[in-house]
>>> print(open('final.cif').read())   # mmCIF, C-alpha atoms
data_run
#
loop_
_atom_site.label_atom_id
_atom_site.label_comp_id
_atom_site.auth_asym_id
_atom_site.auth_seq_id
_atom_site.Cartn_x
_atom_site.Cartn_y
_atom_site.Cartn_z
CA MET A 60 0.00 0.00 0.00
CA CYS A 61 2.73 2.46 0.99
CA VAL A 62 5.24 1.73 -1.81
CA PRO A 63 2.89 2.76 -4.68
CA ILE A 64 2.03 6.00 -2.84
CA ARG A 65 5.72 6.75 -2.35
CA ASP A 66 6.29 6.16 -6.07
CA VAL A 67 3.39 8.50 -6.95
CA VAL A 68 4.89 11.33 -4.87
CA LYS A 69 8.35 10.85 -6.38
CA GLY A 70 6.86 10.48 -9.87
CA TYR A 71 5.00 13.80 -9.76
CA LYS A 72 8.08 15.70 -8.58
CA THR A 73 10.35 14.03 -11.15
CA VAL A 74 8.01 14.49 -14.11
CA PHE A 75 7.29 18.15 -13.36
CA LYS A 76 11.03 18.90 -13.25
CA SER A 77 11.59 17.23 -16.63
CA LEU A 78 8.79 18.93 -18.57
CA HIS A 79 9.44 21.04 -21.67
CA PRO A 80 9.16 24.76 -20.71
CA PHE A 81 5.84 25.15 -22.57
CA GLU A 82 4.44 22.00 -20.96
CA ALA A 83 5.64 23.26 -17.59
CA VAL A 84 3.69 26.51 -18.01
CA VAL A 85 0.54 24.63 -19.06
CA ALA A 86 0.90 22.22 -16.13
CA ASP A 87 1.49 25.09 -13.71
CA LEU A 88 -1.58 26.95 -14.97
CA THR A 89 -3.66 23.77 -14.63
CA VAL A 90 -2.45 23.26 -11.06
CA LYS A 91 -3.22 26.90 -10.19
CA ALA A 92 -6.72 26.55 -11.66
CA ARG A 93 -7.29 23.58 -9.37
CA GLU A 94 -6.01 25.63 -6.43
CA LYS A 95 -8.51 28.39 -7.23
CA LYS A 96 -11.30 25.82 -7.44
CA ASP A 97 -10.87 24.07 -4.10
CA GLY A 98 -7.66 25.40 -2.52
CA MET A 99 -5.60 22.31 -3.26
CA LYS A 100 -1.92 23.19 -3.68
CA LEU A 101 0.05 20.43 -5.41
CA GLU A 102 3.20 20.75 -3.30
CA VAL A 103 1.20 20.74 -0.07
CA ALA A 104 -0.96 17.83 -1.27
CA LEU A 105 2.11 15.76 -2.14
CA ASP A 106 3.74 16.51 1.22
CA GLU A 107 0.54 15.64 3.08
CA LEU A 108 0.16 12.48 1.01
CA ASN A 109 3.70 11.48 1.92
CA GLU A 110 3.01 12.16 5.62
CA GLY A 111 -0.15 10.07 5.41
CA ARG A 112 1.85 7.27 3.81
CA ARG A 113 4.32 7.40 6.68
CA SER A 114 1.51 7.25 9.23
CA VAL A 115 0.07 4.14 7.60
CA ASN A 116 3.54 2.62 7.26
CA ASP A 117 4.45 3.33 10.92
CA LEU A 118 1.11 1.93 12.08
CA GLY A 119 1.74 -1.21 10.06
CA LYS A 120 5.13 -1.69 11.68
CA ILE A 121 3.65 -1.31 15.17
CA TRP A 122 0.94 -3.87 14.46
CA ALA A 123 3.38 -6.24 12.75
CA SER A 124 5.60 -6.26 15.85
CA LYS A 125 2.61 -6.80 18.11
CA ILE A 126 1.21 -9.64 16.01
CA LYS A 127 4.62 -11.27 15.74
CA ASN A 128 4.83 -11.47 19.54
CA ALA A 129 1.24 -12.57 20.09
CA PRO A 130 1.05 -15.30 22.76
CA THR A 131 -1.41 -17.40 20.73
CA ALA A 132 -2.40 -17.89 17.11
CA ARG A 133 -5.98 -16.88 17.93
CA GLU A 134 -4.85 -13.54 19.39
CA ALA A 135 -2.54 -12.99 16.39
CA GLU A 136 -5.48 -13.53 14.03
CA SER A 137 -7.67 -11.20 16.10
CA TRP A 138 -5.01 -8.48 16.18
CA LEU A 139 -4.50 -8.86 12.42
CA LEU A 140 -8.16 -8.02 11.84
CA GLU A 141 -7.87 -5.02 14.19
CA ALA A 142 -4.73 -3.90 12.36
CA GLU A 143 -6.43 -4.07 8.97
CA GLU A 144 -9.40 -2.10 10.25
CA GLU A 145 -7.28 0.62 11.87
CA MET A 146 -4.95 0.93 8.87
CA ILE A 147 -7.91 1.22 6.49
CA GLU A 148 -9.45 3.96 8.65
CA THR A 149 -6.10 5.78 8.81
CA TYR A 150 -5.74 5.48 5.05
CA LYS A 151 -9.24 6.87 4.46
CA ALA A 152 -8.61 9.80 6.79
CA GLU A 153 -5.04 10.78 5.90
CA VAL A 154 -4.37 9.41 2.40
CA GLY A 155 -7.66 8.87 0.54
CA PRO A 156 -8.74 12.51 0.10
CA LYS A 157 -5.29 13.51 -1.20
CA VAL A 158 -5.29 10.62 -3.67
CA ASP A 159 -8.76 11.64 -4.89
CA GLY A 160 -7.56 15.22 -5.38
CA LEU A 161 -4.51 14.09 -7.35
CA LEU A 162 -6.69 11.86 -9.54
CA GLU A 163 -8.89 14.85 -10.41
CA LEU A 164 -5.81 16.92 -11.20
CA GLN A 165 -4.42 14.09 -13.32
CA LYS A 166 -7.66 13.96 -15.33
CA ALA A 167 -7.33 17.70 -15.99
CA LEU A 168 -3.70 17.33 -17.07
CA ARG A 169 -4.64 14.49 -19.44
CA LYS A 170 -7.22 16.74 -21.12
CA THR A 171 -4.52 19.27 -21.94
CA PRO A 172 -4.21 19.47 -25.75
CA SER A 173 -1.07 18.03 -27.26
CA VAL A 174 1.11 20.58 -29.05
CA VAL A 175 4.07 19.31 -31.07
CA LEU A 176 7.03 20.93 -29.36
CA ASP A 177 9.75 20.64 -32.01
CA THR A 178 7.80 21.44 -35.18
CA PRO A 179 7.65 24.93 -36.72
CA ALA A 180 4.52 26.76 -35.64
CA CYS A 181 2.81 30.03 -36.38
CA VAL A 182 0.87 31.64 -33.55
CA LEU A 183 -1.72 34.34 -34.20
CA VAL A 184 -1.56 36.99 -31.49
CA GLY A 185 -3.64 40.06 -30.78
CA ALA A 186 -6.35 41.60 -28.63
CA PRO A 187 -9.68 39.81 -28.06
CA ASN A 188 -12.21 39.64 -30.91
CA VAL A 189 -9.91 40.72 -33.74
CA GLY A 190 -10.62 37.63 -35.89
CA LYS A 191 -7.70 35.30 -35.13
CA SER A 192 -9.63 32.01 -35.16
CA SER A 193 -11.33 32.86 -38.47
CA ILE A 194 -7.92 33.50 -40.02
CA VAL A 195 -6.58 30.14 -38.76
CA LYS A 196 -9.53 28.40 -40.41
CA SER A 197 -9.02 30.30 -43.67
CA ILE A 198 -5.31 29.48 -44.13
CA SER A 199 -5.19 25.95 -42.68
CA SER A 200 -5.04 22.71 -44.63
CA GLY A 201 -8.11 20.73 -43.60
CA THR A 202 -10.43 21.50 -40.71
CA PRO A 203 -8.75 22.98 -37.61
CA GLU A 204 -9.39 21.52 -34.18
CA VAL A 205 -10.57 23.52 -31.18
CA SER A 206 -8.34 22.62 -28.23
CA ASN A 207 -9.64 23.32 -24.73
CA TYR A 208 -7.40 23.85 -21.73
CA PRO A 209 -8.50 22.97 -18.17
CA PHE A 210 -7.81 26.44 -16.84
CA THR A 211 -9.95 28.38 -19.31
CA THR A 212 -13.27 28.15 -21.12
CA ARG A 213 -11.62 29.79 -24.13
CA GLY A 214 -10.59 27.23 -26.74
CA MET A 215 -7.50 27.51 -28.93
CA THR A 216 -8.05 26.86 -32.64
CA LEU A 217 -5.24 24.63 -33.93
CA GLY A 218 -4.76 24.17 -37.67
CA HIS A 219 -1.99 22.84 -39.90
CA ILE A 220 -0.15 23.75 -43.07
CA GLU A 221 1.65 21.07 -45.07
CA GLN A 222 5.22 22.13 -45.78
CA THR A 223 7.47 20.54 -48.40
CA TYR A 224 11.18 21.37 -48.38
CA LYS A 225 13.91 21.36 -51.04
CA ASN A 226 15.21 18.01 -49.79
CA GLY A 227 11.84 16.45 -50.59
CA LEU A 228 10.83 16.00 -46.96
CA SER A 229 7.50 17.33 -45.73
CA GLU A 230 5.85 17.92 -42.38
CA GLN A 231 2.67 19.27 -40.85
CA CYS A 232 3.37 22.67 -39.32
CA GLN A 233 1.01 24.06 -36.70
CA VAL A 234 -0.99 27.26 -37.05
CA MET A 235 -2.78 28.35 -33.89
CA ASP A 236 -4.75 31.27 -32.64
CA SER A 237 -4.27 32.30 -29.03
CA PRO A 238 -6.30 33.86 -26.22
CA GLY A 239 -6.46 37.62 -26.59
CA LEU A 240 -3.91 39.84 -24.89
CA LEU A 241 -4.84 42.94 -22.95
CA TRP A 242 -2.77 46.08 -22.52
CA ARG A 243 -1.14 45.45 -19.14
CA GLU A 244 2.07 44.22 -17.55
CA ASP A 245 2.92 40.50 -17.51
CA GLU A 246 2.48 40.09 -13.75
CA ARG A 247 -1.19 41.10 -14.13
CA ARG A 248 -1.97 38.69 -16.96
CA ASN A 249 -4.57 35.97 -16.47
CA GLU A 250 -4.10 32.29 -17.32
CA MET A 251 -5.27 32.72 -20.92
CA GLU A 252 -2.80 35.52 -21.60
CA GLN A 253 0.01 33.57 -19.94
CA LEU A 254 -0.68 30.71 -22.37
CA THR A 255 -0.25 33.10 -25.30
CA ILE A 256 3.04 34.47 -23.93
CA ALA A 257 4.27 30.91 -23.23
CA ALA A 258 3.62 29.86 -26.83
CA MET A 259 5.80 32.70 -28.12
CA ALA A 260 8.45 32.24 -25.44
CA HIS A 261 8.90 28.46 -25.56
CA LEU A 262 7.69 27.07 -28.90
CA PRO A 263 9.51 27.39 -32.25
CA THR A 264 7.05 29.96 -33.54
CA ALA A 265 6.65 32.74 -35.99
CA VAL A 266 4.15 35.44 -34.99
CA VAL A 267 1.22 36.75 -36.98
CA PHE A 268 0.07 39.84 -35.11
CA VAL A 269 -3.59 40.49 -35.91
CA MET A 270 -5.18 43.91 -35.53
CA ASP A 271 -8.69 45.18 -36.18
CA LEU A 272 -8.31 48.92 -36.64
CA SER A 273 -11.92 49.46 -37.73
CA GLY A 274 -12.91 50.54 -34.23
CA GLN A 275 -15.59 47.82 -34.26
CA ALA A 276 -13.79 45.00 -32.43
CA GLY A 277 -16.68 44.89 -29.96
CA ASP A 278 -14.56 44.60 -26.84
CA ALA A 279 -13.76 47.43 -24.44
CA CYS A 280 -10.21 46.06 -24.16
CA SER A 281 -9.70 46.00 -27.94
CA SER A 282 -9.69 49.69 -28.73
CA VAL A 283 -7.40 50.78 -31.55
CA GLU A 284 -5.18 52.57 -29.02
CA ASP A 285 -4.83 49.45 -26.86
CA GLN A 286 -4.14 47.21 -29.86
CA LEU A 287 -1.28 49.41 -31.00
CA LYS A 288 0.17 49.45 -27.48
CA ILE A 289 -0.06 45.66 -27.27
CA ARG A 290 1.64 45.32 -30.65
CA LYS A 291 4.57 47.45 -29.52
CA GLN A 292 4.78 45.66 -26.18
CA VAL A 293 4.87 42.17 -27.74
CA ARG A 294 7.29 43.10 -30.51
CA ASP A 295 9.66 44.69 -28.01
CA ARG A 296 9.61 41.50 -25.98
CA PHE A 297 10.12 39.16 -28.97
CA PRO A 298 12.22 41.20 -31.43
CA LYS A 299 13.84 38.17 -33.10
CA ARG A 300 10.69 36.21 -33.87
CA PRO A 301 9.71 36.01 -37.56
CA TRP A 302 6.81 38.46 -37.71
CA ILE A 303 3.84 39.29 -39.95
CA ASP A 304 1.48 42.20 -39.27
CA VAL A 305 -2.14 41.73 -40.40
CA LEU A 306 -4.99 44.22 -40.52
CA ALA A 307 -8.03 41.95 -40.19
CA LYS A 308 -11.64 42.79 -41.09
CA TYR A 309 -10.28 45.28 -43.59
CA ASP A 310 -13.63 45.38 -45.36
CA LEU A 311 -14.95 47.32 -42.32
CA GLY A 312 -12.47 50.13 -42.95
CA VAL A 313 -9.87 51.72 -40.66
CA GLU A 314 -10.50 54.27 -37.95
CA GLU A 315 -9.26 57.73 -38.91
CA GLY A 316 -5.58 58.21 -38.11
CA ALA A 317 -5.07 54.59 -36.99
CA ARG A 318 -3.05 53.51 -40.02
CA GLU A 319 -0.75 56.51 -39.71
CA GLU A 320 -0.23 55.76 -36.01
CA LEU A 321 0.61 52.12 -36.81
CA ASN A 322 3.08 53.21 -39.48
CA GLY A 323 4.76 55.47 -36.96
CA ILE A 324 5.18 52.56 -34.54
CA ILE A 325 6.51 49.98 -36.99
CA GLY A 326 8.29 52.24 -39.46
CA GLU A 327 7.61 52.97 -43.13
CA GLU A 328 9.50 49.91 -44.45
CA ALA A 329 7.58 47.45 -42.25
CA ALA A 330 4.35 49.31 -43.00
CA ARG A 331 4.66 48.33 -46.67
CA ASP A 332 4.56 44.65 -45.65
CA VAL A 333 1.37 44.86 -43.59
CA ILE A 334 -1.27 42.51 -45.01
CA GLU A 335 -4.73 44.00 -45.46
CA LEU A 336 -7.07 41.05 -44.96
CA SER A 337 -10.76 40.25 -44.98
CA VAL A 338 -11.79 36.63 -44.49
CA HIS A 339 -15.36 37.63 -45.36
CA GLU A 340 -14.35 39.11 -48.73
CA GLY A 341 -11.35 36.83 -49.34
CA TRP A 342 -8.91 39.74 -49.46
CA GLY A 343 -5.30 38.98 -48.54
CA VAL A 344 -5.93 35.35 -47.54
CA GLU A 345 -3.65 33.82 -50.19
CA GLU A 346 -0.95 36.41 -49.54
CA LEU A 347 -1.02 35.57 -45.83
CA ARG A 348 -0.91 31.82 -46.48
CA PHE A 349 2.14 32.32 -48.73
CA ARG A 350 3.89 34.55 -46.15
CA VAL A 351 3.15 32.05 -43.36
CA GLU A 352 4.69 29.25 -45.43
CA VAL A 353 7.81 31.37 -45.90
CA VAL A 354 8.28 32.13 -42.20
CA LEU A 355 7.59 28.50 -41.27
CA LYS A 356 10.41 27.44 -43.60
CA ASN A 357 12.66 30.03 -41.93
CA VAL A 358 11.81 28.56 -38.53
CA ARG A 359 12.61 25.06 -39.82
CA THR A 360 16.01 26.31 -41.06
CA VAL A 361 16.80 27.72 -37.63
CA LEU A 362 15.71 24.47 -35.93
CA ASP A 363 17.93 22.45 -38.29
CA VAL A 364 20.92 24.68 -37.53
CA ILE A 365 20.32 24.33 -33.78
CA GLU A 366 20.04 20.55 -34.10
CA ALA A 367 23.22 20.38 -36.20
CA GLU A 368 25.10 22.41 -33.61
CA LYS A 369 23.79 20.15 -30.86
CA GLN A 370 24.93 17.02 -32.70
CA ASN A 371 28.32 18.62 -33.39
CA ARG A 372 28.81 19.40 -29.68
CA LYS A 373 27.80 15.85 -28.80
CA MET A 374 30.35 14.41 -31.22
CA GLN A 375 33.07 16.69 -29.85
CA GLU A 376 32.27 15.58 -26.29
CA GLN A 377 32.41 11.92 -27.33
CA GLU A 378 35.76 12.44 -29.08
CA SER A 379 37.07 14.25 -26.01
CA GLU A 380 35.98 11.35 -23.78
CA LYS A 381 37.66 8.80 -26.08
CA LYS A 382 40.87 10.84 -26.06
CA THR A 383 40.85 11.01 -22.26
CA ILE A 384 40.32 7.25 -21.96
CA THR A 385 43.16 6.56 -24.45
CA GLU A 386 45.56 8.85 -22.57
CA ASP A 387 44.72 7.15 -19.27
#
>>> encode(input="final.cif", output="structure tokens")
Amino acid sequence: MCVPIRDVVKGYKTVFKSLHPFEAVVADLTVKAREKKDGMKLEVALDELNEGRRSVNDLGKIWASKIKNAPTAREAESWLLEAEEEMIETYKAEVGPKVDGLLELQKALRKTPSVVLDTPACVLVGAPNVGKSSIVKSISSGTPEVSNYPFTTRGMTLGHIEQTYKNGLSEQCQVMDSPGLLWREDERRNEMEQLTIAAMAHLPTAVVFVMDLSGQAGDACSSVEDQLKIRKQVRDRFPKRPWIDVLAKYDLGVEEGAREELNGIIGEEAARDVIELSVHEGWGVEELRFRVEVVLKNVRTVLDVIEAEKQNRKMQEQESEKKTITED
């Protein structure tokens, strides 16, 4: 009884330490959501589970010693039944509730959508209600999936684009929208916004920054002024990410002075590359799909270089080890 519980405690701590940075953020957000729901903190629950295991284990040792020294077989059998009853009650009181809580958390973690961590991806970023999910659907190959995370009711639309490279190899690259960002500092961001930041920070992504400058985004937090601030904030944080600026819902027009303000933020050269897009009218969709394919290939090139450097370092370490062994 106690050995499996010990292994569970060790397993949780080991697995969480070995997670990919993006997986670690998702797991952490899931755990925090559970804490908000019923106050269960994972670290505390694991420590309490371990203490409960020790209580059951210590009780078992006490009873085992007592039964071993029983004067008669009948008393030994009677004490064995008492021991089982007391250990079961102790387990139910000190271990059972913690195990139930961990099982619920495990179910939530299993529901977390699977994102391929080492494949080029393109994440659509922007304020709420600017049309990101519609764009994912319009440029994806096939029908995108809506992935739901345990810590938010907001789904993430995940599509794919088939990429074929000069060497003849091909792969499915991910295209995903993301929960909307608000104009505020990182420490004030909610779980949904943290997921968006994590995707840019930890996945091999290019960024499509989506803006609706019509003034009709329909969200108090998606004003043209806020969108332009968010764009500057995100670009300043991720200056090396491949980047595409998109003006969505372009058929609705642009609020007076907004385009000039955007041009002032990004510069005249970058302003010429802004894609004016309307999914409803079909404007700019093919141009965006082509540009996304280009940046995904650039991301793949970077990943290949990183992998080659990693393999080269590994070979050098192996050669160094062989040399040391030979000299010894």
>>> atom_distance(input="final.cif", atom1="CA of Ala265 (chain A)", atom2="CA of Gly312 (chain A)")
26.8 Å
>>> closest_residue(input="final.cif", among="A:Gln275, A:Pro209, A:Leu108, A:Ile384", to="Lys170 (chain A)", atoms="all atoms listed in the file")
A:Pro209
>>> atom_distance(input="final.cif", atom1="CA of Lys91 (chain A)", atom2="CA of Lys166 (chain A)")
14.6 Å
>>> closest_residue(input="final.cif", among="A:Asn322, A:Ser114, A:Asn188, A:Thr216", to="Asp304 (chain A)", atoms="only C-alpha atoms")
A:Asn322
>>> resolve_selection(input="final.cif", expression="the PyMOL selection byres ((chain A and resi 337-345) around 12)", output="MDAnalysis selection string")
chainID A and resid 189:199 269:271 273 304:312 332:336 346:352
>>> residues_near_point(input="final.cif", point="(2.6, 39.2, -32.5)", cutoff="12 Å", atoms="only C-alpha atoms", output="PyMOL selection string")
chain A and resi 181-186+191+236-237+239-240+255-256+258-260+264-270+286-305
>>> resolve_selection(input="final.cif", expression="the PyMOL selection byres ((chain A and resi 85) around 10)", output="list of chain:residue names")
A:His79, A:Pro80, A:Phe81, A:Glu82, A:Ala83, A:Val84, A:Ala86, A:Asp87, A:Leu88, A:Thr89, A:Val90, A:Lys91, A:Leu168, A:Thr171, A:Pro172, A:Tyr208, A:Pro209, A:Phe210, A:Glu250, A:Gln253, A:Leu254, A:Ala257, A:Ala258
>>> atom_distance(input="final.cif", atom1="CA of Thr149 (chain A)", atom2="CA of Lys120 (chain A)")
13.8 Å
>>> resolve_selection(input="final.cif", expression="the PyMOL selection byres ((chain A and resi 107) around 12)", output="NGL selection string")
:A and (64-65 or 68 or 99-106 or 108-114 or 152-158 or 160-161)
>>> write_last_selection(input="final.cif", atoms="C-alpha atoms", output="mmCIF file, keeping the file's coordinate frame")
data_model
loop_
_atom_site.group_PDB
_atom_site.id
_atom_site.type_symbol
_atom_site.label_atom_id
_atom_site.label_comp_id
_atom_site.auth_asym_id
_atom_site.auth_seq_id
_atom_site.Cartn_x
_atom_site.Cartn_y
_atom_site.Cartn_z
ATOM 1 C CA ILE A 64 2.030 6.000 -2.840
ATOM 2 C CA ARG A 65 5.720 6.750 -2.350
ATOM 3 C CA VAL A 68 4.890 11.330 -4.870
ATOM 4 C CA MET A 99 -5.600 22.310 -3.260
ATOM 5 C CA LYS A 100 -1.920 23.190 -3.680
ATOM 6 C CA LEU A 101 0.050 20.430 -5.410
ATOM 7 C CA GLU A 102 3.200 20.750 -3.300
ATOM 8 C CA VAL A 103 1.200 20.740 -0.070
ATOM 9 C CA ALA A 104 -0.960 17.830 -1.270
ATOM 10 C CA LEU A 105 2.110 15.760 -2.140
ATOM 11 C CA ASP A 106 3.740 16.510 1.220
ATOM 12 C CA LEU A 108 0.160 12.480 1.010
ATOM 13 C CA ASN A 109 3.700 11.480 1.920
ATOM 14 C CA GLU A 110 3.010 12.160 5.620
ATOM 15 C CA GLY A 111 -0.150 10.070 5.410
ATOM 16 C CA ARG A 112 1.850 7.270 3.810
ATOM 17 C CA ARG A 113 4.320 7.400 6.680
ATOM 18 C CA SER A 114 1.510 7.250 9.230
ATOM 19 C CA ALA A 152 -8.610 9.800 6.790
ATOM 20 C CA GLU A 153 -5.040 10.780 5.900
ATOM 21 C CA VAL A 154 -4.370 9.410 2.400
ATOM 22 C CA GLY A 155 -7.660 8.870 0.540
ATOM 23 C CA PRO A 156 -8.740 12.510 0.100
ATOM 24 C CA LYS A 157 -5.290 13.510 -1.200
ATOM 25 C CA VAL A 158 -5.290 10.620 -3.670
ATOM 26 C CA GLY A 160 -7.560 15.220 -5.380
ATOM 27 C CA LEU A 161 -4.510 14.090 -7.350
#
>>> residues_around(input="final.cif", residues="Gly218 (chain A)", least_positions_apart="5", cutoff="8 Å", atoms="all atoms listed in the file", output="PyMOL selection string")
chain A and resi 195-196+199-204+233-235
>>> write_last_selection(input="final.cif", atoms="C-alpha atoms", output="CSV table (one decimal), in the frame of the given file")
chain,number,residue,atom,x,y,z
A,195,VAL,CA,-6.6,30.1,-38.8
A,196,LYS,CA,-9.5,28.4,-40.4
A,199,SER,CA,-5.2,26.0,-42.7
A,200,SER,CA,-5.0,22.7,-44.6
A,201,GLY,CA,-8.1,20.7,-43.6
A,202,THR,CA,-10.4,21.5,-40.7
A,203,PRO,CA,-8.8,23.0,-37.6
A,204,GLU,CA,-9.4,21.5,-34.2
A,233,GLN,CA,1.0,24.1,-36.7
A,234,VAL,CA,-1.0,27.3,-37.0
A,235,MET,CA,-2.8,28.4,-33.9
>>> residues_around(input="final.cif", residues="Gly274 (chain A)", least_positions_apart="4", cutoff="8 Å", atoms="only C-alpha atoms", output="ChimeraX atom specification")
/A:282-283,313-314
>>> write_last_selection(input="final.cif", atoms="C-alpha atoms", output="compact mmCIF listing (two decimals), in the frame of the given file")
# COMPACT_ATOMS: atom_id res chain seq x y z
CA SER A 282 -9.69 49.69 -28.73
CA VAL A 283 -7.40 50.78 -31.55
CA VAL A 313 -9.87 51.72 -40.66
CA GLU A 314 -10.50 54.27 -37.95
